[in-house]
Number of protein chains: 2
Amino acid sequence: MATLEFFRLQTREEVLAQYNRFAPVGVEEVELAAAGGRVLAAPVPAPEDVPTFLRAGMDGYAVRAKDTFGAGVGAPQYLEIKGEVPMGAAPPRGVGPGEALRVPTGAMLPAGADAVVMLEYTAEHPDGTLEVRKPVAPGESVLQPGEDVRLGEVLFSSGTRLRPQEIGLLAALGVTTLTVYRRPRVAVLSSGDEVVPLDQNPAPGQVRDCNAYLTAAQVQEWGGLPILKGIIPDDFASLKNALTEALGEADLILISGGSSVGARDLTLTAIKALPGAQILAHGVAIRPGKPTILASLREKAKKGGKPLLGLPGHPASAAVVMEVLGRPLINRLAGLKPPSSWGGTVTALLSRNLAGASGREDYVRVRLRLADDTLWADPILGPSGLLSPLVKSDGLVMIPLGVEGLNRDDPVSVRLFGN
Amino acid sequence: MATLEFFRLQTREEVLAQYNRFAPVGVEEVELAAAGGRVLAAPVPAPEDVPTFLRAGMDGYAVRAKDTFGAGVGAPQYLEIKGEVPMGAAPPRGVGPGEALRVPTGAMLPAGADAVVMLEYTAEHPDGTLEVRKPVAPGESVLQPGEDVRLGEVLFSSGTRLRPQEIGLLAALGVTTLTVYRRPRVAVLSSGDEVVPLDQNPAPGQVRDCNAYLTAAQVQEWGGLPILKGIIPDDFASLKNALTEALGEADLILISGGSSVGARDLTLTAIKALPGAQILAHGVAIRPGKPTILASLREKAKKGGKPLLGLPGHPASAAVVMEVLGRPLINRLAGLKPPSSWGGTVTALLSRNLAGASGREDYVRVRLRLADDTLWADPILGPSGLLSPLVKSDGLVMIPLGVEGLNRDDPVSVRLFGN
């Protein structure tokens, strides 16, 4: 137990602040079609204006706006139709005073025209005369060059996650390959003599290795590549060897410690025995998740540390620590810009009183329920050795440090699990 | 234009109601480690109780609860320590009256014991006596057999998307393979003579094929497998051939129509020329997205229709129609249970007045902004031919049919884009 006493509990913020020492993983080139969800490793400047020319924003007629001034249902203006602009081609001619050309949406505007009259405010007469029943202002129903994006403008900065709309804009600009961060490789180790593989029937006192599968699924959902390293026996040499091997192939090591104090101490001893290892945190002021470990490990002959996160043995505790501390660490390694504070949360009303954990941030599982147009957060209580409360939950409510508790009907921010 | 007049605008609900005619795609077996994010195609009953035996819920001492009654800081009870239960093994002996065994969290409870006294309420004396300073109730700090899950209970029904916690619970129960729906294969076609491939410089009046890339990225983000089929020339034979080919390899066809009325009519004609094709909707009362087409196509010699969704040509319109109509269709094919109504939304206050679209549901892009503890939704306006407003947005606000508009400071529900 001696090692425990060398460390005071750190707050969540203190742990997160130490992530800056870990550099994002390396980069790779990907085709645009495979870049959805990836994170940019370099800023992308716009290679051209979008659009590069004046375009019709509606189906209708390209005109000189001033030719339509004063038009109305009772007093239409009349223009001469001089042909049409085919989609995807240069206009056959310009538009002079008193003239109009038919244009489909997206087509290039002919020289001389500065507006489009929408189809529904016009009528074509058999003699080629256009009746205009509504005036248009210059620029109306027209897309200007560079209106969407200007040449040279930094479209997206490094650290941007590429959503479908980003992919669409890059396609519009003819960007076909991108420099993105690799997906972080995450080794997932289980320790604890009571843990057995999935295909074994646990003897009395044993449990199957559920933490590894739960944790690996989280890693995958958050954009990492999990590497399942199996169950490591609770002895110093096995733990040290397994950690050394994982260090060689992964960017981050997650080890779900034995759930007993003795097993946790052994894990800590094995971590400390690795060359250049530094324990950055041992004990975090969150509930569940107090026994969490953060360490920096050093690969032989390489500069810069790789992070190790030691997770509590209880599956529900491990899942919460992964949400609160593991996800930001994976995001850091993935090169992702910190998310804005509203990301992935909903506001709901708490449906019962909740007591906080003295001296620790308290993470309470909740299920969301919509009743009478109100969104309620129903706390799902239960020991963290149980998985089904977590399965019944939609997200977490945090009771801050120093807050005694929350009351029924308090509005709370619910951090949603992935849907 | 004649075809347009045969159809009245349908509401979003009317379109969604027709999705029931399309069956979910086929099933496949996957390993548990690869099942994260997949959708169950059969209910999973619990193969055993979890836990299967009484387990310690805390580090401490297994005792008979009644032996601790009356204990207090000033008046401790004394028990005899008879050894300990090693993690992952059967207890060496039972607990009789006045006795205690050391237990780590998760270990099996010895016979006779019905509670665990936490470490912090005890002291061990050198002679093997345990001092207990707080009484425990029967069952305290103990996990009951079946407390987490009962044998035979339907754990997860068909249509459940497997989040990390579901994966964890299945691992705990020794479930190693699962029957899940295949990922829907989605063919993405572009039409329109003004559309050119990404690696070409658009001539005057042309645009690069951004819709296909945007749409494919959405499909991928929502769990489908996009198949990029390229740009189809605007002629009847090419369109019909391309649709027939796509029908043979995909579960859903998305075709981003030319943005002109003429090109849309040609697409519609080609769809109708396929054997057994039915147009289910042509024109939807949403803005943007009015020219949307829903059709049912029939693969030669096979039963059951496959859906086709015809998207508007403007990229921002196509993106909104995909969110509002495409995503539920992909979910339907993926076998996913309909999401609950709070999923992926946040409540924010509108930062300016917004007028609705008469006779249509209006989808307005908004950016979220946190200021003075209030979450604001700032409308991002701009023609739907432009992509950058969409890129600046975090989600959509819907102004319902028949509502004239929304006012500044109104609370609105923002449907978030994927983050």
# chains A, B, ... in the order shown; residues from 1 in each chain; ligands from 1

call {"tool": "interface_residues", "arguments": {"of": "chain A", "to": "chain B", "cutoff": "6 Å", "atoms": "only C-alpha atoms", "output": "PyMOL selection string"}}
result
chain A and resi 36+87-90+104-105+107-108+148+164-169+171-172+174+193-194+198-199+204-206+208+210+213-214+217-218+260+346+386-388+391

call {"tool": "write_last_selection", "arguments": {"atoms": "C-alpha atoms", "output": "compact mmCIF listing (two decimals), in the first residue's frame"}}
result
# COMPACT_ATOMS: atom_id res chain seq x y z
CA GLY A 36 -14.51 10.89 -43.90
CA MET A 87 -26.16 23.26 -68.39
CA GLY A 88 -22.41 22.64 -68.27
CA ALA A 89 -21.44 24.86 -71.17
CA ALA A 90 -20.48 28.46 -71.88
CA PRO A 104 -31.26 26.26 -65.51
CA THR A 105 -30.02 26.39 -61.90
CA ALA A 107 -25.60 27.27 -65.28
CA MET A 108 -23.11 30.04 -66.06
CA ASP A 148 -18.72 30.24 -51.24
CA PRO A 164 -19.43 14.89 -44.80
CA GLN A 165 -19.84 18.60 -45.54
CA GLU A 166 -16.07 19.17 -45.38
CA ILE A 167 -15.57 16.25 -47.77
CA GLY A 168 -18.13 17.82 -50.13
CA LEU A 169 -16.42 21.19 -50.14
CA ALA A 171 -14.47 17.67 -53.67
CA ALA A 172 -15.94 20.87 -55.13
CA GLY A 174 -10.81 19.34 -56.73
CA ASP A 193 -5.69 -13.56 -11.82
CA GLU A 194 -9.48 -13.72 -11.55
CA LEU A 198 -14.38 -15.39 -23.05
CA ASP A 199 -14.56 -19.01 -24.16
CA PRO A 204 -15.86 -19.80 -8.60
CA GLY A 205 -14.29 -16.41 -8.01
CA GLN A 206 -13.40 -15.81 -11.65
CA ARG A 208 -14.56 -13.30 -18.05
CA CYS A 210 -15.21 -8.15 -20.42
CA TYR A 213 -13.86 -5.91 -25.15
CA LEU A 214 -15.73 -2.93 -23.71
CA ALA A 217 -15.15 -1.03 -28.60
CA GLN A 218 -14.84 2.46 -27.11
CA SER A 260 -7.74 -5.69 -5.83
CA VAL A 346 -28.15 17.37 -23.93
CA LEU A 386 -22.39 -4.49 -12.65
CA LEU A 387 -22.64 -3.88 -16.37
CA SER A 388 -26.38 -3.81 -16.90
CA VAL A 391 -26.26 -0.80 -20.66

call {"tool": "residues_around", "arguments": {"residues": "segment 325-329 of chain A", "least_positions_apart": "3", "cutoff": "10 Å", "atoms": "only C-alpha atoms", "output": "ChimeraX atom specification"}}
result
/A:12-13,15-16,18-20,22,24,215,218-219,221-224,252,254,284,289,292,294,307-311,318-322,332-336,338-339

call {"tool": "select_by_dssp", "arguments": {"residues": "segment 72-263 of chain B", "states": "alpha helix (DSSP H)", "output": "PDB file with C-alpha atoms, in the first residue's frame"}}
result
ATOM      1  CA  PRO B 164     -19.327  -0.468 -26.084  1.00  0.00           C
ATOM      2  CA  GLN B 165     -21.344  -1.283 -22.956  1.00  0.00           C
ATOM      3  CA  GLU B 166     -23.397  -3.892 -24.828  1.00  0.00           C
ATOM      4  CA  ILE B 167     -20.168  -5.450 -26.115  1.00  0.00           C
ATOM      5  CA  GLY B 168     -18.844  -5.519 -22.535  1.00  0.00           C
ATOM      6  CA  LEU B 169     -21.919  -7.277 -21.185  1.00  0.00           C
ATOM      7  CA  LEU B 170     -21.875  -9.858 -23.999  1.00  0.00           C
ATOM      8  CA  ALA B 171     -18.198 -10.536 -23.234  1.00  0.00           C
ATOM      9  CA  ALA B 172     -19.004 -11.038 -19.552  1.00  0.00           C
ATOM     10  CA  CYS B 210     -19.014  17.134 -54.952  1.00  0.00           C
ATOM     11  CA  ASN B 211     -22.450  15.663 -54.202  1.00  0.00           C
ATOM     12  CA  ALA B 212     -21.255  12.092 -54.621  1.00  0.00           C
ATOM     13  CA  TYR B 213     -18.407  12.563 -52.146  1.00  0.00           C
ATOM     14  CA  LEU B 214     -20.559  14.398 -49.620  1.00  0.00           C
ATOM     15  CA  THR B 215     -23.312  11.788 -49.850  1.00  0.00           C
ATOM     16  CA  ALA B 216     -20.888   8.851 -49.682  1.00  0.00           C
ATOM     17  CA  ALA B 217     -19.289  10.307 -46.537  1.00  0.00           C
ATOM     18  CA  GLN B 218     -22.737  10.566 -44.927  1.00  0.00           C
ATOM     19  CA  VAL B 219     -23.520   6.959 -45.858  1.00  0.00           C
ATOM     20  CA  GLN B 220     -20.263   5.807 -44.309  1.00  0.00           C
ATOM     21  CA  GLU B 221     -20.781   7.833 -41.142  1.00  0.00           C
ATOM     22  CA  PHE B 236     -31.856   7.956 -71.241  1.00  0.00           C
ATOM     23  CA  ALA B 237     -29.819   4.868 -72.184  1.00  0.00           C
ATOM     24  CA  SER B 238     -26.846   5.745 -69.957  1.00  0.00           C
ATOM     25  CA  LEU B 239     -29.089   6.494 -66.986  1.00  0.00           C
ATOM     26  CA  LYS B 240     -31.094   3.303 -67.424  1.00  0.00           C
ATOM     27  CA  ASN B 241     -27.949   1.164 -67.787  1.00  0.00           C
ATOM     28  CA  ALA B 242     -26.304   2.745 -64.760  1.00  0.00           C
ATOM     29  CA  LEU B 243     -29.418   2.259 -62.620  1.00  0.00           C
ATOM     30  CA  THR B 244     -29.700  -1.385 -63.697  1.00  0.00           C
ATOM     31  CA  GLU B 245     -26.061  -2.032 -62.818  1.00  0.00           C
ATOM     32  CA  ALA B 246     -26.378  -0.305 -59.450  1.00  0.00           C
ATOM     33  CA  LEU B 247     -29.517  -2.326 -58.686  1.00  0.00           C
ATOM     34  CA  GLY B 248     -27.493  -5.505 -59.060  1.00  0.00           C
ATOM     35  CA  GLU B 249     -24.873  -4.575 -56.491  1.00  0.00           C
ATOM     36  CA  VAL B 261     -35.939  20.522 -64.262  1.00  0.00           C
ATOM     37  CA  GLY B 262     -35.105  18.893 -67.594  1.00  0.00           C
ATOM     38  CA  ALA B 263     -32.375  16.705 -66.129  1.00  0.00           C
TER      39      ALA B 263
END

call {"tool": "atom_distance", "arguments": {"atom1": "atom CA of Glu80 of chain A", "atom2": "atom CA of Ala100 of chain A"}}
result
5.9 Å

call {"tool": "residues_around", "arguments": {"residues": "Lys300 of chain A", "least_positions_apart": "2", "cutoff": "10 Å", "atoms": "only C-alpha atoms", "output": "compact mmCIF listing (two decimals) with C-alpha atoms, in the first residue's frame"}}
result
# COMPACT_ATOMS: atom_id res chain seq x y z
CA THR A 244 7.30 -3.75 -23.28
CA LEU A 247 4.99 -0.27 -26.18
CA GLY A 248 6.62 -1.44 -29.39
CA LEU A 274 10.20 0.08 -17.51
CA PRO A 275 13.18 2.26 -18.53
CA GLY A 276 12.30 5.98 -18.42
CA LEU A 297 6.61 5.30 -21.03
CA ARG A 298 9.64 5.57 -23.26
CA LYS A 302 13.23 6.85 -29.11
CA LYS A 303 12.44 10.33 -27.92

call {"tool": "select_by_dssp", "arguments": {"residues": "segment 71-260 of chain A", "states": "strand (DSSP E)", "output": "PyMOL selection string"}}
result
chain A and resi 77-84+99-103+115-118+122-124+129-132+142-143+154-156+177-181+185-191+195-196+207-208+225-232+252-256

call {"tool": "residues_around", "arguments": {"residues": "Gly405 of chain A", "least_positions_apart": "6", "cutoff": "10 Å", "atoms": "only C-alpha atoms", "output": "PyMOL selection string"}}
result
chain A and resi 353-358+362+399

call {"tool": "residues_around", "arguments": {"residues": "Gly98 of chain B", "least_positions_apart": "5", "cutoff": "12 Å", "atoms": "only C-alpha atoms", "output": "list in words"}}
result
Ala62, Val63, Arg64, Ala65, Lys66, Asp67, Thr68, Phe69, Gln77, Tyr78, Leu79, Glu80, Ile81, Lys82, Gly112, Ala113, Thr129, Leu130, Glu131 and Val132 of chain B

call {"tool": "write_last_selection", "arguments": {"atoms": "N, CA and C atoms", "output": "CSV table (one decimal), in the first residue's frame"}}
result
chain,number,residue,atom,x,y,z
B,62,ALA,N,-15.3,-10.4,4.6
B,62,ALA,CA,-16.6,-11.1,4.5
B,62,ALA,C,-17.0,-11.5,5.9
B,63,VAL,N,-18.3,-11.1,6.3
B,63,VAL,CA,-18.8,-11.4,7.6
B,63,VAL,C,-20.2,-11.8,7.6
B,64,ARG,N,-20.7,-12.2,8.8
B,64,ARG,CA,-22.2,-12.4,8.9
B,64,ARG,C,-22.7,-11.0,9.5
B,65,ALA,N,-23.6,-10.4,8.7
B,65,ALA,CA,-24.0,-9.0,9.0
B,65,ALA,C,-24.4,-8.9,10.5
B,66,LYS,N,-25.1,-9.9,11.0
B,66,LYS,CA,-25.6,-9.7,12.4
B,66,LYS,C,-24.5,-9.6,13.4
B,67,ASP,N,-23.3,-10.1,13.1
B,67,ASP,CA,-22.2,-10.0,14.0
B,67,ASP,C,-21.7,-8.6,14.1
B,68,THR,N,-22.1,-7.7,13.2
B,68,THR,CA,-21.6,-6.3,13.3
B,68,THR,C,-22.7,-5.4,13.9
B,69,PHE,N,-23.9,-5.9,14.1
B,69,PHE,CA,-24.9,-5.0,14.6
B,69,PHE,C,-24.5,-4.3,15.9
B,77,GLN,N,-17.1,-3.8,17.4
B,77,GLN,CA,-17.3,-5.2,17.5
B,77,GLN,C,-16.0,-5.9,17.2
B,78,TYR,N,-15.7,-7.0,17.8
B,78,TYR,CA,-14.5,-7.8,17.5
B,78,TYR,C,-14.8,-9.1,16.8
B,79,LEU,N,-14.2,-9.4,15.7
B,79,LEU,CA,-14.3,-10.7,15.0
B,79,LEU,C,-13.0,-11.4,14.9
B,80,GLU,N,-13.0,-12.7,14.6
B,80,GLU,CA,-11.7,-13.4,14.4
B,80,GLU,C,-11.4,-13.6,12.9
B,81,ILE,N,-10.2,-13.2,12.5
B,81,ILE,CA,-9.9,-13.3,11.1
B,81,ILE,C,-9.4,-14.7,10.8
B,82,LYS,N,-10.0,-15.4,9.9
B,82,LYS,CA,-9.8,-16.8,9.7
B,82,LYS,C,-9.0,-17.0,8.3
B,112,GLY,N,-21.8,-18.8,4.3
B,112,GLY,CA,-22.0,-18.2,5.7
B,112,GLY,C,-22.0,-16.7,5.7
B,113,ALA,N,-21.1,-16.1,4.9
B,113,ALA,CA,-21.0,-14.6,4.9
B,113,ALA,C,-22.2,-14.1,4.1
B,129,THR,N,-7.3,-10.3,15.5
B,129,THR,CA,-8.6,-9.9,15.8
B,129,THR,C,-9.0,-8.7,14.9
B,130,LEU,N,-10.2,-8.7,14.4
B,130,LEU,CA,-10.7,-7.6,13.5
B,130,LEU,C,-11.6,-6.7,14.3
B,131,GLU,N,-11.2,-5.4,14.3
B,131,GLU,CA,-12.1,-4.4,14.9
B,131,GLU,C,-13.0,-3.8,13.9
B,132,VAL,N,-14.3,-3.9,14.1
B,132,VAL,CA,-15.3,-3.4,13.2
B,132,VAL,C,-16.0,-2.2,13.8

call {"tool": "atom_distance", "arguments": {"atom1": "atom CA of Gln278 of chain A", "atom2": "atom CA of Val324 of chain A"}}
result
21.5 Å
